[in-house]
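Enquirer: Dumping the structure here so I can ask a few things about it.
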Amino acid sequence: MKVYILDNGYLECDQNWMVAMSVVGTRDCPRAATNWIRIPVFAVLIDHHGRKILYDTGCHPAAMQGYWPASLQGLFPHHCEAHQSLTHQLALAHTAPEEIRTVVLSHLHLDHAGNLHQFPDADVYVPRKDFEHGQALVRRSPDPGDHGAYIKADLEVPARRYHLVDEDQEVADGVSLINLPGHTPGLLGLAVELGRDGTLIFPQDAVYTPANYGPPVRLSGIVYDSLAFLDSIEKVRSLAAKSGGRVMFSHDMEFFHTLKRAPDCYE
Ligand SMILES: [Zn+2]
């Protein structure tokens, strides 16, 4: 079994989204400047002895050409060079999109579900509560300003079948879905038990950065349920302790630069 990290460029954003209260005004500095940072976006391809499983899909290629509303382009501008397109990254991992019959989405936010349209024949695993929450948000009003970080078109993509996940479960031998709600009403982390490289734990946006992980845990600036967010981080911590696994933080540029990226792989 092999695991490839697929680089999908980066977003720029205010650091307060990643770690809440990163910058706090004081009497002496009431207008403290925010930190404008870069955060990586990546997907994960698992080559499970020939069966290809894709975990998350990155941002839509036309995100900054009007596919995303202007408000989200301003909050989270996406930068992606040609070699960072999902198609190119899959090719680095010797994979064509049509070979992928299983897609797992950690959640349906814009930087995770943006390329789902490339896999109309796949079985798609999504966290039930996030799927239902996202669908309700994008349908209750035509104004994208009411849709949070969901893009309506991403939530209208046809698939062979959507599997709405409530329980932790294996999607293949040694590949487990772990429910980590809090950032969104439902969120699926993924753990892969490899040989040489041990267990890799991808909590995606349940744990953006080492600063969120702590201890002590620090909340991010995008939290649906703060108590569930704390519980989920402790669930990741105990899973890491039990398995000896490595936690793969989702949106930390410094950490991302320590990872092997396609065409390199973990095995
Ligand atoms: Zn994200």
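Chain labels follow the order of the structure tokens: the first chain is A, the next B, and so on; residue numbering restarts at 1 in every chain, and ligands are counted from 1 in their shown order.
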Which neighbours of stretch 174-177 of chain A fall inside 7 Å, counting only C-alpha atoms, when residues of the same chain fewer than 3 positions from it are skipped, and could you give them as a PDB file with all heavy atoms, in the first residue's frame?
Expert:
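Writing done, so here's out_35.pdb:
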ATOM      1  N   ASP A 168     -17.388   5.270  12.856  1.00  0.00           N
ATOM      2  CA  ASP A 168     -16.028   4.962  12.419  1.00  0.00           C
ATOM      3  C   ASP A 168     -16.067   3.611  11.694  1.00  0.00           C
ATOM      4  O   ASP A 168     -16.773   2.688  12.130  1.00  0.00           O
ATOM      5  CB  ASP A 168     -15.077   4.867  13.625  1.00  0.00           C
ATOM      6  CG  ASP A 168     -14.894   6.219  14.316  1.00  0.00           C
ATOM      7  OD1 ASP A 168     -15.420   7.231  13.814  1.00  0.00           O
ATOM      8  OD2 ASP A 168     -14.225   6.247  15.369  1.00  0.00           O
ATOM      9  N   GLN A 169     -15.328   3.499  10.616  1.00  0.00           N
ATOM     10  CA  GLN A 169     -15.375   2.261   9.836  1.00  0.00           C
ATOM     11  C   GLN A 169     -14.161   2.157   8.920  1.00  0.00           C
ATOM     12  O   GLN A 169     -13.514   3.172   8.632  1.00  0.00           O
ATOM     13  CB  GLN A 169     -16.638   2.215   8.977  1.00  0.00           C
ATOM     14  CG  GLN A 169     -16.763   3.362   8.004  1.00  0.00           C
ATOM     15  CD  GLN A 169     -18.146   3.403   7.347  1.00  0.00           C
ATOM     16  OE1 GLN A 169     -18.296   3.016   6.194  1.00  0.00           O
ATOM     17  NE2 GLN A 169     -19.142   3.854   8.088  1.00  0.00           N
ATOM     18  N   GLU A 170     -13.865   0.933   8.475  1.00  0.00           N
ATOM     19  CA  GLU A 170     -12.814   0.723   7.479  1.00  0.00           C
ATOM     20  C   GLU A 170     -13.420   0.823   6.085  1.00  0.00           C
ATOM     21  O   GLU A 170     -14.485   0.268   5.833  1.00  0.00           O
ATOM     22  CB  GLU A 170     -12.184  -0.663   7.654  1.00  0.00           C
ATOM     23  CG  GLU A 170     -11.118  -0.715   8.731  1.00  0.00           C
ATOM     24  CD  GLU A 170     -10.225  -1.952   8.602  1.00  0.00           C
ATOM     25  OE1 GLU A 170     -10.669  -2.975   8.047  1.00  0.00           O
ATOM     26  OE2 GLU A 170      -9.079  -1.879   9.060  1.00  0.00           O
ATOM     27  N   VAL A 171     -12.742   1.539   5.173  1.00  0.00           N
ATOM     28  CA  VAL A 171     -13.159   1.515   3.766  1.00  0.00           C
ATOM     29  C   VAL A 171     -12.324   0.515   2.985  1.00  0.00           C
ATOM     30  O   VAL A 171     -12.660   0.156   1.864  1.00  0.00           O
ATOM     31  CB  VAL A 171     -13.091   2.900   3.079  1.00  0.00           C
ATOM     32  CG1 VAL A 171     -14.268   3.750   3.469  1.00  0.00           C
ATOM     33  CG2 VAL A 171     -11.784   3.607   3.333  1.00  0.00           C
ATOM     34  N   LEU A 188     -14.699  13.700   8.651  1.00  0.00           N
ATOM     35  CA  LEU A 188     -14.065  12.384   8.620  1.00  0.00           C
ATOM     36  C   LEU A 188     -12.553  12.528   8.530  1.00  0.00           C
ATOM     37  O   LEU A 188     -12.025  13.014   7.515  1.00  0.00           O
ATOM     38  CB  LEU A 188     -14.559  11.584   7.412  1.00  0.00           C
ATOM     39  CG  LEU A 188     -16.047  11.216   7.407  1.00  0.00           C
ATOM     40  CD1 LEU A 188     -16.412  10.500   6.104  1.00  0.00           C
ATOM     41  CD2 LEU A 188     -16.385  10.344   8.614  1.00  0.00           C
ATOM     42  N   GLY A 189     -11.853  12.138   9.594  1.00  0.00           N
ATOM     43  CA  GLY A 189     -10.414  11.940   9.508  1.00  0.00           C
ATOM     44  C   GLY A 189     -10.154  10.577   8.892  1.00  0.00           C
ATOM     45  O   GLY A 189     -11.072   9.765   8.699  1.00  0.00           O
ATOM     46  N   LEU A 190      -8.904  10.312   8.565  1.00  0.00           N
ATOM     47  CA  LEU A 190      -8.559   9.046   7.930  1.00  0.00           C
ATOM     48  C   LEU A 190      -7.238   8.545   8.504  1.00  0.00           C
ATOM     49  O   LEU A 190      -6.295   9.323   8.664  1.00  0.00           O
ATOM     50  CB  LEU A 190      -8.448   9.264   6.421  1.00  0.00           C
ATOM     51  CG  LEU A 190      -8.191   8.037   5.568  1.00  0.00           C
ATOM     52  CD1 LEU A 190      -9.329   7.877   4.551  1.00  0.00           C
ATOM     53  CD2 LEU A 190      -6.902   8.170   4.798  1.00  0.00           C
ATOM     54  N   ALA A 191      -7.196   7.272   8.855  1.00  0.00           N
ATOM     55  CA  ALA A 191      -5.963   6.665   9.351  1.00  0.00           C
ATOM     56  C   ALA A 191      -5.562   5.540   8.413  1.00  0.00           C
ATOM     57  O   ALA A 191      -6.403   4.737   7.990  1.00  0.00           O
ATOM     58  CB  ALA A 191      -6.156   6.131  10.763  1.00  0.00           C
ATOM     59  N   VAL A 192      -4.285   5.498   8.043  1.00  0.00           N
ATOM     60  CA  VAL A 192      -3.771   4.485   7.132  1.00  0.00           C
ATOM     61  C   VAL A 192      -2.626   3.746   7.819  1.00  0.00           C
ATOM     62  O   VAL A 192      -1.652   4.375   8.242  1.00  0.00           O
ATOM     63  CB  VAL A 192      -3.236   5.122   5.827  1.00  0.00           C
ATOM     64  CG1 VAL A 192      -2.945   4.031   4.793  1.00  0.00           C
ATOM     65  CG2 VAL A 192      -4.211   6.124   5.262  1.00  0.00           C
ATOM     66  N   GLU A 193      -2.772   2.433   7.919  1.00  0.00           N
ATOM     67  CA  GLU A 193      -1.719   1.617   8.553  1.00  0.00           C
ATOM     68  C   GLU A 193      -0.771   1.101   7.473  1.00  0.00           C
ATOM     69  O   GLU A 193      -1.108   0.189   6.717  1.00  0.00           O
ATOM     70  CB  GLU A 193      -2.355   0.441   9.294  1.00  0.00           C
ATOM     71  CG  GLU A 193      -3.199   0.856  10.486  1.00  0.00           C
ATOM     72  CD  GLU A 193      -4.110  -0.278  10.960  1.00  0.00           C
ATOM     73  OE1 GLU A 193      -3.678  -1.450  10.921  1.00  0.00           O
ATOM     74  OE2 GLU A 193      -5.257   0.017  11.328  1.00  0.00           O
TER      75      GLU A 193
END
Enquirer: Grab me every residue within 9 Å of ligand 1, counting only C-alpha atoms and all ligand atoms, and send it over as an NGL selection string.
Expert: :A and (40-41 or 58 or 107 or 109-112 or 204-205 or 208 or 250-251)
Enquirer: Could you turn the residues from that selection into a file that holds all heavy atoms, as a JSON list (two decimals), in the first residue's frame?
Expert:
[["chain", "number", "residue", "atom", "x", "y", "z"],
["A", 40, "PRO", "N", -1.18, 25.48, 3.10],
["A", 40, "PRO", "CA", -1.22, 24.52, 1.99],
["A", 40, "PRO", "C", -2.60, 23.90, 1.82],
["A", 40, "PRO", "O", -3.38, 23.83, 2.77],
["A", 40, "PRO", "CB", -0.21, 23.46, 2.43],
["A", 40, "PRO", "CG", -0.26, 23.50, 3.92],
["A", 40, "PRO", "CD", -0.50, 24.94, 4.29],
["A", 41, "VAL", "N", -2.87, 23.46, 0.60],
["A", 41, "VAL", "CA", -4.07, 22.66, 0.32],
["A", 41, "VAL", "C", -3.56, 21.36, -0.31],
["A", 41, "VAL", "O", -2.76, 21.40, -1.23],
["A", 41, "VAL", "CB", -5.01, 23.37, -0.67],
["A", 41, "VAL", "CG1", -6.22, 22.49, -1.00],
["A", 41, "VAL", "CG2", -5.47, 24.71, -0.10],
["A", 58, "GLY", "N", -9.22, 19.00, -2.93],
["A", 58, "GLY", "CA", -8.67, 20.34, -3.16],
["A", 58, "GLY", "C", -9.72, 21.32, -3.66],
["A", 58, "GLY", "O", -10.93, 21.11, -3.49],
["A", 107, "HIS", "N", -14.85, 16.75, 4.68],
["A", 107, "HIS", "CA", -16.04, 17.57, 4.81],
["A", 107, "HIS", "C", -16.20, 18.31, 3.49],
["A", 107, "HIS", "O", -15.38, 18.12, 2.58],
["A", 107, "HIS", "CB", -15.96, 18.51, 6.02],
["A", 107, "HIS", "CG", -14.83, 19.49, 6.00],
["A", 107, "HIS", "ND1", -13.51, 19.12, 5.78],
["A", 107, "HIS", "CD2", -14.79, 20.84, 6.17],
["A", 107, "HIS", "CE1", -12.73, 20.18, 5.84],
["A", 107, "HIS", "NE2", -13.48, 21.25, 6.06],
["A", 109, "HIS", "N", -16.27, 21.61, 2.63],
["A", 109, "HIS", "CA", -15.81, 22.99, 2.43],
["A", 109, "HIS", "C", -15.06, 23.13, 1.10],
["A", 109, "HIS", "O", -14.58, 22.15, 0.53],
["A", 109, "HIS", "CB", -14.91, 23.42, 3.60],
["A", 109, "HIS", "CG", -15.67, 23.90, 4.80],
["A", 109, "HIS", "ND1", -15.07, 24.17, 6.01],
["A", 109, "HIS", "CD2", -16.99, 24.19, 4.96],
["A", 109, "HIS", "CE1", -15.98, 24.59, 6.87],
["A", 109, "HIS", "NE2", -17.15, 24.60, 6.27],
["A", 110, "LEU", "N", -14.91, 24.38, 0.69],
["A", 110, "LEU", "CA", -14.45, 24.73, -0.66],
["A", 110, "LEU", "C", -13.05, 24.21, -1.01],
["A", 110, "LEU", "O", -12.76, 23.98, -2.18],
["A", 110, "LEU", "CB", -14.51, 26.25, -0.85],
["A", 110, "LEU", "CG", -13.48, 27.16, -0.17],
["A", 110, "LEU", "CD1", -13.75, 28.61, -0.58],
["A", 110, "LEU", "CD2", -13.42, 27.06, 1.32],
["A", 111, "ASP", "N", -12.20, 24.00, 0.01],
["A", 111, "ASP", "CA", -10.83, 23.56, -0.27],
["A", 111, "ASP", "C", -10.68, 22.04, -0.13],
["A", 111, "ASP", "O", -9.56, 21.52, -0.15],
["A", 111, "ASP", "CB", -9.82, 24.28, 0.65],
["A", 111, "ASP", "CG", -10.19, 24.16, 2.12],
["A", 111, "ASP", "OD1", -11.39, 24.11, 2.44],
["A", 111, "ASP", "OD2", -9.27, 24.11, 2.96],
["A", 112, "HIS", "N", -11.81, 21.33, -0.02],
["A", 112, "HIS", "CA", -11.76, 19.87, 0.12],
["A", 112, "HIS", "C", -12.64, 19.16, -0.92],
["A", 112, "HIS", "O", -12.33, 18.04, -1.31],
["A", 112, "HIS", "CB", -12.19, 19.48, 1.54],
["A", 112, "HIS", "CG", -11.26, 20.05, 2.58],
["A", 112, "HIS", "ND1", -10.19, 19.37, 3.09],
["A", 112, "HIS", "CD2", -11.21, 21.30, 3.14],
["A", 112, "HIS", "CE1", -9.52, 20.15, 3.94],
["A", 112, "HIS", "NE2", -10.12, 21.33, 3.99],
["A", 204, "GLN", "N", -7.37, 16.14, 8.91],
["A", 204, "GLN", "CA", -7.79, 17.30, 8.11],
["A", 204, "GLN", "C", -8.20, 18.45, 9.03],
["A", 204, "GLN", "O", -7.49, 18.73, 9.99],
["A", 204, "GLN", "CB", -8.85, 16.91, 7.08],
["A", 204, "GLN", "CG", -8.26, 16.05, 5.95],
["A", 204, "GLN", "CD", -7.16, 16.75, 5.13],
["A", 204, "GLN", "OE1", -6.11, 17.10, 5.69],
["A", 204, "GLN", "NE2", -7.37, 16.91, 3.84],
["A", 205, "ASP", "N", -9.31, 19.11, 8.79],
["A", 205, "ASP", "CA", -9.51, 20.40, 9.48],
["A", 205, "ASP", "C", -9.95, 20.26, 10.94],
["A", 205, "ASP", "O", -10.24, 21.26, 11.59],
["A", 205, "ASP", "CB", -10.47, 21.28, 8.68],
["A", 205, "ASP", "CG", -9.83, 21.74, 7.37],
["A", 205, "ASP", "OD1", -8.69, 21.30, 7.09],
["A", 205, "ASP", "OD2", -10.45, 22.52, 6.64],
["A", 208, "TYR", "N", -5.85, 21.81, 12.25],
["A", 208, "TYR", "CA", -5.16, 22.53, 11.18],
["A", 208, "TYR", "C", -3.64, 22.51, 11.36],
["A", 208, "TYR", "O", -2.89, 22.35, 10.40],
["A", 208, "TYR", "CB", -5.53, 24.02, 11.24],
["A", 208, "TYR", "CG", -6.87, 24.43, 10.73],
["A", 208, "TYR", "CD1", -7.58, 25.43, 11.42],
["A", 208, "TYR", "CD2", -7.41, 23.95, 9.54],
["A", 208, "TYR", "CE1", -8.79, 25.90, 10.95],
["A", 208, "TYR", "CE2", -8.63, 24.42, 9.08],
["A", 208, "TYR", "CZ", -9.32, 25.40, 9.78],
["A", 208, "TYR", "OH", -10.50, 25.88, 9.33],
["A", 250, "SER", "N", -3.37, 19.61, 8.63],
["A", 250, "SER", "CA", -3.94, 19.88, 7.31],
["A", 250, "SER", "C", -3.49, 21.18, 6.68],
["A", 250, "SER", "O", -3.35, 21.27, 5.46],
["A", 250, "SER", "CB", -5.47, 19.87, 7.38],
["A", 250, "SER", "OG", -5.97, 20.94, 8.16],
["A", 251, "HIS", "N", -3.31, 22.22, 7.46],
["A", 251, "HIS", "CA", -3.10, 23.55, 6.85],
["A", 251, "HIS", "C", -1.95, 24.31, 7.50],
["A", 251, "HIS", "O", -2.11, 25.46, 7.90],
["A", 251, "HIS", "CB", -4.39, 24.38, 6.96],
["A", 251, "HIS", "CG", -5.50, 23.98, 6.03],
["A", 251, "HIS", "ND1", -5.33, 23.76, 4.68],
["A", 251, "HIS", "CD2", -6.83, 23.77, 6.25],
["A", 251, "HIS", "CE1", -6.48, 23.44, 4.12],
["A", 251, "HIS", "NE2", -7.41, 23.42, 5.06]]
Enquirer: DSSP on the backbone: what in stretch 5-253 of chain A comes out alpha helix (DSSP H), as number ranges by chain?
Expert: A: 70-75, 86-92, 128-140, 210-213, 226-243, 253
Enquirer: Can you list, as a PDB file with C-alpha atoms, in the first residue's frame, every protein, DNA or RNA residue that comes within 9 Å of A:Val217 when you count only C-alpha atoms, leaving out same-chain residues fewer than 3 positions away?
Expert:
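Just written: selection27.pdb:
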ATOM      1  CA  ALA A 211      -0.573  25.075  17.524  1.00  0.00           C
ATOM      2  CA  ASN A 212      -4.184  23.808  17.559  1.00  0.00           C
ATOM      3  CA  TYR A 213      -3.028  20.350  18.668  1.00  0.00           C
ATOM      4  CA  GLY A 214      -1.021  21.549  21.659  1.00  0.00           C
ATOM      5  CA  LEU A 230     -11.876  19.695  21.824  1.00  0.00           C
ATOM      6  CA  ILE A 233      -8.502  16.585  19.125  1.00  0.00           C
ATOM      7  CA  GLU A 234      -8.256  14.342  22.192  1.00  0.00           C
TER       8      GLU A 234
END
Enquirer: Closest to A:Leu164 among A:Asp130, A:Asp146, A:Asp121, A:Glu81, using only C-alpha atoms?
Expert: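 Among A:Asp130, A:Asp146, A:Asp121, A:Glu81, it is A:Asp130 that comes nearest to A:Leu164.
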Enquirer: Excluding A:Met18 and residues on its chain fewer than 2 positions from it, collect all residues at most 12 Å away from it, counting only C-alpha atoms, and give them as a VMD selection string.
Expert: chain A and resid 11 to 16 20 to 23 35 to 40 76 183 205 to 213 218 to 223 249 to 253
Enquirer: Just to be explicit: take each residue in the selection above, keep C-alpha atoms, and write the result as a compact mmCIF listing (two decimals), in the first residue's frame.
Expert:
# COMPACT_ATOMS: atom_id res chain seq x y z
CA LEU A 11 -4.61 29.67 0.20
CA GLU A 12 -3.80 33.03 1.71
CA CYS A 13 -5.77 34.04 4.79
CA ASP A 14 -5.81 35.81 8.14
CA GLN A 15 -4.04 33.63 10.70
CA ASN A 16 -6.95 34.12 13.10
CA ALA A 20 -8.30 31.91 17.08
CA MET A 21 -7.05 35.02 18.85
CA SER A 22 -3.61 34.74 17.24
CA VAL A 23 -3.48 38.53 17.29
CA ASN A 35 -0.96 38.10 10.21
CA TRP A 36 -1.67 37.34 6.55
CA ILE A 37 -0.34 33.84 5.96
CA ARG A 38 -0.15 31.05 3.39
CA ILE A 39 -1.65 27.65 4.12
CA PRO A 40 -1.22 24.52 1.99
CA PHE A 76 -9.14 32.81 1.06
CA HIS A 183 -14.89 22.23 12.85
CA ASP A 205 -9.51 20.40 9.48
CA ALA A 206 -10.14 18.88 12.91
CA VAL A 207 -6.47 19.83 13.50
CA TYR A 208 -5.16 22.53 11.18
CA THR A 209 -1.76 23.10 12.81
CA PRO A 210 0.56 21.96 15.62
CA ALA A 211 -0.57 25.08 17.52
CA ASN A 212 -4.18 23.81 17.56
CA TYR A 213 -3.03 20.35 18.67
CA ARG A 218 -6.18 26.02 20.87
CA LEU A 219 -9.42 26.56 19.01
CA SER A 220 -9.39 27.57 15.39
CA GLY A 221 -11.40 30.54 14.15
CA ILE A 222 -13.86 28.31 12.26
CA VAL A 223 -15.68 26.14 14.78
CA PHE A 249 -1.74 18.53 10.08
CA SER A 250 -3.94 19.88 7.31
CA HIS A 251 -3.10 23.55 6.85
CA ASP A 252 0.37 24.35 8.21
CA MET A 253 2.93 25.44 5.62
Enquirer: Per DSSP on the backbone, what are the strand (DSSP E or B) residues of stretch 93-235 of chain A, as a PyMOL selection string?
Expert: chain A and resi 100-104+123-127+161-165+169-172+175-179+188-193+199-204
Enquirer: With only C-alpha atoms as the counted atoms, please give the residues lying no more than 9 Å from stretch 61-67 of chain A, apart from itself and same-chain residues fewer than 5 positions off, as an mmCIF file with N, CA and C atoms, in the first residue's frame.
Expert:
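Dumped to part_35.cif:
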data_model
loop_
_atom_site.group_PDB
_atom_site.id
_atom_site.type_symbol
_atom_site.label_atom_id
_atom_site.label_comp_id
_atom_site.auth_asym_id
_atom_site.auth_seq_id
_atom_site.Cartn_x
_atom_site.Cartn_y
_atom_site.Cartn_z
ATOM 1 N N GLN A 73 -13.234 34.579 -2.430
ATOM 2 C CA GLN A 73 -11.961 34.842 -3.124
ATOM 3 C C GLN A 73 -11.130 35.850 -2.332
ATOM 4 N N PRO A 77 -7.899 33.679 -0.896
ATOM 5 C CA PRO A 77 -7.454 33.542 -2.293
ATOM 6 C C PRO A 77 -6.620 32.282 -2.505
ATOM 7 N N HIS A 78 -6.978 31.550 -3.561
ATOM 8 C CA HIS A 78 -6.285 30.292 -3.871
ATOM 9 C C HIS A 78 -5.245 30.524 -4.966
ATOM 10 N N HIS A 79 -4.086 29.954 -4.758
ATOM 11 C CA HIS A 79 -2.994 30.041 -5.740
ATOM 12 C C HIS A 79 -2.619 28.627 -6.127
ATOM 13 N N CYS A 80 -2.644 28.354 -7.419
ATOM 14 C CA CYS A 80 -2.406 26.987 -7.875
ATOM 15 C C CYS A 80 -1.744 27.044 -9.242
ATOM 16 N N SER A 85 -2.414 21.204 -10.270
ATOM 17 C CA SER A 85 -3.803 20.783 -10.515
ATOM 18 C C SER A 85 -3.952 19.337 -10.054
ATOM 19 N N LEU A 86 -5.156 18.968 -9.665
ATOM 20 C CA LEU A 86 -5.355 17.603 -9.164
ATOM 21 C C LEU A 86 -5.014 16.568 -10.242
ATOM 22 N N LEU A 110 -14.915 24.384 0.692
ATOM 23 C CA LEU A 110 -14.446 24.725 -0.660
ATOM 24 C C LEU A 110 -13.053 24.209 -1.006
ATOM 25 N N GLY A 114 -13.642 20.590 -3.960
ATOM 26 C CA GLY A 114 -13.661 21.364 -5.204
ATOM 27 C C GLY A 114 -13.455 20.591 -6.492
ATOM 28 N N ASN A 115 -12.876 19.403 -6.414
ATOM 29 C CA ASN A 115 -12.655 18.622 -7.647
ATOM 30 C C ASN A 115 -13.477 17.343 -7.692
ATOM 31 N N ILE A 151 -19.579 25.702 -1.327
ATOM 32 C CA ILE A 151 -19.901 26.207 -2.661
ATOM 33 C C ILE A 151 -21.048 25.350 -3.191
ATOM 34 N N ALA A 153 -22.293 24.659 -6.054
ATOM 35 C CA ALA A 153 -22.028 23.738 -7.175
ATOM 36 C C ALA A 153 -21.251 22.495 -6.721
#
Enquirer: What gap, in Å, lies between atom CA of A:Ala96 and atom CA of A:Asp7?
Expert: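 These two atoms are separated by 16.1 Å.
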Enquirer: Work out how far atom CA of A:His88 is from atom CA of A:Pro263, in Å to one decimal.
Expert: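 Separating atom CA of A:Pro263 from atom CA of A:His88 is a distance of 10.6 Å.
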